[in-house]
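S.K.: Okay, handing you the structure first.
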Amino acid sequence: MYWTDAWRIAAAMWENSLALGETAVASHAVIGHRSRTIDAAMRNPLGADSAELNRMVPEKMAAFSQAGAALLDDWIGLHHDMLAQGSDLAAMLTGAVPVRARAERISRRASRMAVRAATAGGRALAPIHATATENQRRLGRKPPA
């Protein structure tokens with residue numbers, strides 16, 4: 001179990017770094033395109049691409065809300081596991097329960113916590129990455145205003 005968890009952590013870190021790089025490249029392209037769209041709208045408000053302008057804020061709010069919810073979900077899960085770790089450690093120290101059973105549970109939970117912590121960033125980045133890369137594809141097919 002622990003070796004597979006180590007591989008999952010390494011894979012998650014690799015995937016997260018790739019997604020972060022793709023998000024940065026896509027964001028650069030989208031910001032450039034949208035900056036030109038905003039500039040054109042300032043110069044000619046009646047000819048503005050209102051569909052694109054109206055998309056900017058709501059899509060960011062949706063993506064960052066989903067990212068925040070994913071992050072909060074992982075934080076709550078980690079907090080729950082840390083409290084359970086403390087409870088098991090206290091029970092072991094007081095001698096209230098067999099040490100071996102608690103030690104195995106503590107070890108499994110610690111491994112699960114490490115995987116959750118390593119993969120949390122990817123889950124939080126996923127909606128932002130999806131929005132940025134989709135916008136890059138969509139705007140890449142569309143001439144700037």
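Identifiers in this document derive from the order of the structure tokens: chains are assigned A, B, ..., residues are numbered from 1 separately in each chain, and ligands are numbered from 1 in order of occurrence.
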Please provide the set of residues having any atom within 12 Å of region 8-16 of chain A, restricted to only C-alpha atoms, with same-chain residues fewer than 5 positions apart removed, written as a ChimeraX atom specification.
M.R.: /A:1-3,21-23,111-126,129
S.K.: Those same residues - C-alpha atoms - I'd like them written as a JSON list (two decimals), in the first residue's frame.
M.R.:
[["chain", "number", "residue", "atom", "x", "y", "z"],
["A", 1, "MET", "CA", 0.00, 0.00, 0.00],
["A", 2, "TYR", "CA", 2.69, 2.50, 0.91],
["A", 3, "TRP", "CA", 4.72, 2.12, -2.27],
["A", 21, "GLY", "CA", 2.12, 25.03, -16.88],
["A", 22, "GLU", "CA", -0.76, 24.51, -19.33],
["A", 23, "THR", "CA", -2.91, 26.90, -17.30],
["A", 111, "SER", "CA", -0.55, 7.45, 4.15],
["A", 112, "ARG", "CA", -4.06, 8.51, 3.10],
["A", 113, "MET", "CA", -3.42, 12.02, 4.46],
["A", 114, "ALA", "CA", -0.20, 12.30, 2.46],
["A", 115, "VAL", "CA", -1.98, 11.27, -0.75],
["A", 116, "ARG", "CA", -4.85, 13.67, -0.06],
["A", 117, "ALA", "CA", -2.48, 16.55, 0.61],
["A", 118, "ALA", "CA", -0.50, 15.83, -2.57],
["A", 119, "THR", "CA", -3.57, 15.57, -4.77],
["A", 120, "ALA", "CA", -5.52, 18.51, -3.27],
["A", 121, "GLY", "CA", -3.79, 21.07, -5.46],
["A", 122, "GLY", "CA", -4.73, 19.18, -8.61],
["A", 123, "ARG", "CA", -8.37, 19.00, -7.62],
["A", 124, "ALA", "CA", -8.39, 22.72, -6.84],
["A", 125, "LEU", "CA", -6.61, 23.58, -10.09],
["A", 126, "ALA", "CA", -8.84, 21.37, -12.28],
["A", 129, "HIS", "CA", -7.29, 24.66, -15.86]]
S.K.: Find the residue from A:Ser65, A:Met42, A:Glu59, A:Ile128 that sits nearest to Leu20 (chain A); use only C-alpha atoms when measuring.
M.R.: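 The closest residue to Leu20 (chain A) is A:Ile128.
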S.K.: Go ahead and compute the interatomic distance for CA of Leu83 (chain A) and CA of Gln66 (chain A), in Å to one decimal.
M.R.: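 If I compute the distance from CA of Leu83 (chain A) to CA of Gln66 (chain A), I get 25.8 Å.
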S.K.: My list of candidates is A:Asp73, A:Arg34, A:Arg109, A:Ala63. Which is closest to Asp49 (chain A) when distances are computed with only C-alpha atoms?
M.R.: A:Arg34
S.K.: To one decimal place in Å, what is the distance between CA of Ile38 (chain A) and CA of Ser50 (chain A)?
M.R.: 9.7 Å
S.K.: List as a ChimeraX atom specification the protein and nucleic acid residues near Lys60 (chain A), meaning an atom at most 12 Å away when only C-alpha atoms are counted, but skip any in the same chain fewer than 5 places from it.
M.R.: /A:27,54-55,65-68,127-132,135
S.K.: If you keep N, CA and C atoms, can you produce a file of those selected residues as a tab-separated table (two decimals), in the first residue's frame?
M.R.:
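Wrote it out as out29.tsv, contents follow:
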chain	number	residue	atom	x	y	z
A	27	SER	N	-3.65	30.92	-20.02
A	27	SER	CA	-4.03	32.22	-19.45
A	27	SER	C	-3.37	33.37	-20.20
A	54	ASN	N	-19.22	39.63	-21.61
A	54	ASN	CA	-20.13	39.15	-20.57
A	54	ASN	C	-19.73	37.79	-20.01
A	55	ARG	N	-18.81	37.12	-20.66
A	55	ARG	CA	-18.36	35.80	-20.22
A	55	ARG	C	-17.25	35.89	-19.18
A	65	SER	N	-14.86	29.36	-7.64
A	65	SER	CA	-15.76	28.81	-6.62
A	65	SER	C	-15.61	27.30	-6.54
A	66	GLN	N	-15.54	26.65	-7.70
A	66	GLN	CA	-15.34	25.19	-7.71
A	66	GLN	C	-13.98	24.82	-7.12
A	67	ALA	N	-12.97	25.62	-7.44
A	67	ALA	CA	-11.63	25.36	-6.89
A	67	ALA	C	-11.64	25.51	-5.38
A	68	GLY	N	-12.28	26.55	-4.89
A	68	GLY	CA	-12.36	26.76	-3.45
A	68	GLY	C	-13.12	25.65	-2.75
A	127	PRO	N	-10.76	22.95	-12.17
A	127	PRO	CA	-11.75	23.81	-12.84
A	127	PRO	C	-11.12	25.05	-13.48
A	128	ILE	N	-10.07	25.57	-12.88
A	128	ILE	CA	-9.39	26.74	-13.45
A	128	ILE	C	-8.67	26.33	-14.73
A	129	HIS	N	-7.99	25.19	-14.69
A	129	HIS	CA	-7.29	24.66	-15.86
A	129	HIS	C	-8.28	24.41	-16.99
A	130	ALA	N	-9.41	23.79	-16.67
A	130	ALA	CA	-10.40	23.47	-17.70
A	130	ALA	C	-10.94	24.74	-18.35
A	131	THR	N	-11.22	25.76	-17.55
A	131	THR	CA	-11.75	27.01	-18.09
A	131	THR	C	-10.71	27.72	-18.95
A	132	ALA	N	-9.49	27.80	-18.46
A	132	ALA	CA	-8.45	28.52	-19.20
A	132	ALA	C	-8.12	27.82	-20.52
A	135	ASN	N	-11.03	28.18	-23.00
A	135	ASN	CA	-11.04	29.54	-23.57
A	135	ASN	C	-9.93	29.71	-24.60
S.K.: What is the CA of Met56 (chain A)-CA of Leu18 (chain A) distance in Å, reported with one decimal?
M.R.: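 Between CA of Met56 (chain A) and CA of Leu18 (chain A) the gap is 24.3 Å.
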S.K.: Using only C-alpha atoms, which residues sit within 12 Å of Ala103 (chain A) once same-chain residues fewer than 2 positions away are excluded, as a short mmCIF file (atom, residue, chain, number, x, y, z; two decimals) with N, CA and C atoms, in the first residue's frame?
M.R.:
data_model
loop_
_atom_site.label_atom_id
_atom_site.label_comp_id
_atom_site.auth_asym_id
_atom_site.auth_seq_id
_atom_site.Cartn_x
_atom_site.Cartn_y
_atom_site.Cartn_z
N GLN A 85 -6.23 10.96 14.16
CA GLN A 85 -4.86 10.58 14.52
C GLN A 85 -4.60 10.91 15.98
N GLY A 86 -4.97 12.12 16.37
CA GLY A 86 -4.76 12.53 17.76
C GLY A 86 -5.51 11.64 18.74
N SER A 87 -6.72 11.27 18.38
CA SER A 87 -7.52 10.39 19.23
C SER A 87 -6.86 9.02 19.37
N ASP A 88 -6.39 8.48 18.25
CA ASP A 88 -5.72 7.18 18.30
C ASP A 88 -4.41 7.25 19.08
N LEU A 89 -3.66 8.32 18.89
CA LEU A 89 -2.40 8.46 19.64
C LEU A 89 -2.67 8.57 21.14
N ALA A 90 -3.68 9.33 21.52
CA ALA A 90 -4.02 9.47 22.94
C ALA A 90 -4.46 8.12 23.52
N ALA A 91 -5.24 7.37 22.75
CA ALA A 91 -5.69 6.06 23.22
C ALA A 91 -4.51 5.10 23.39
N MET A 92 -3.53 5.20 22.49
CA MET A 92 -2.34 4.36 22.61
C MET A 92 -1.54 4.73 23.84
N LEU A 93 -1.39 6.02 24.08
CA LEU A 93 -0.58 6.47 25.22
C LEU A 93 -1.21 6.11 26.56
N VAL A 97 -6.37 0.80 24.62
CA VAL A 97 -6.64 -0.15 23.54
C VAL A 97 -5.34 -0.83 23.12
N PRO A 98 -5.45 -1.96 22.42
CA PRO A 98 -4.24 -2.62 21.93
C PRO A 98 -3.44 -1.69 21.00
N VAL A 99 -2.17 -1.61 21.21
CA VAL A 99 -1.31 -0.70 20.46
C VAL A 99 -1.21 -1.11 18.99
N ARG A 100 -1.10 -2.37 18.71
CA ARG A 100 -0.88 -2.82 17.33
C ARG A 100 -2.01 -2.39 16.40
N ALA A 101 -3.24 -2.59 16.80
CA ALA A 101 -4.38 -2.22 15.95
C ALA A 101 -4.38 -0.71 15.70
N ARG A 105 -3.72 1.43 12.09
CA ARG A 105 -4.71 2.41 11.63
C ARG A 105 -4.06 3.79 11.47
N ILE A 106 -3.19 4.15 12.39
CA ILE A 106 -2.49 5.43 12.30
C ILE A 106 -1.62 5.46 11.04
N SER A 107 -0.94 4.36 10.78
CA SER A 107 -0.07 4.28 9.61
C SER A 107 -0.87 4.40 8.31
N ARG A 108 -2.00 3.68 8.20
CA ARG A 108 -2.83 3.76 7.00
C ARG A 108 -3.40 5.16 6.81
N ARG A 109 -3.85 5.75 7.91
CA ARG A 109 -4.42 7.09 7.83
C ARG A 109 -3.36 8.11 7.43
N ALA A 110 -2.16 7.98 7.96
CA ALA A 110 -1.07 8.91 7.60
C ALA A 110 -0.76 8.84 6.11
#
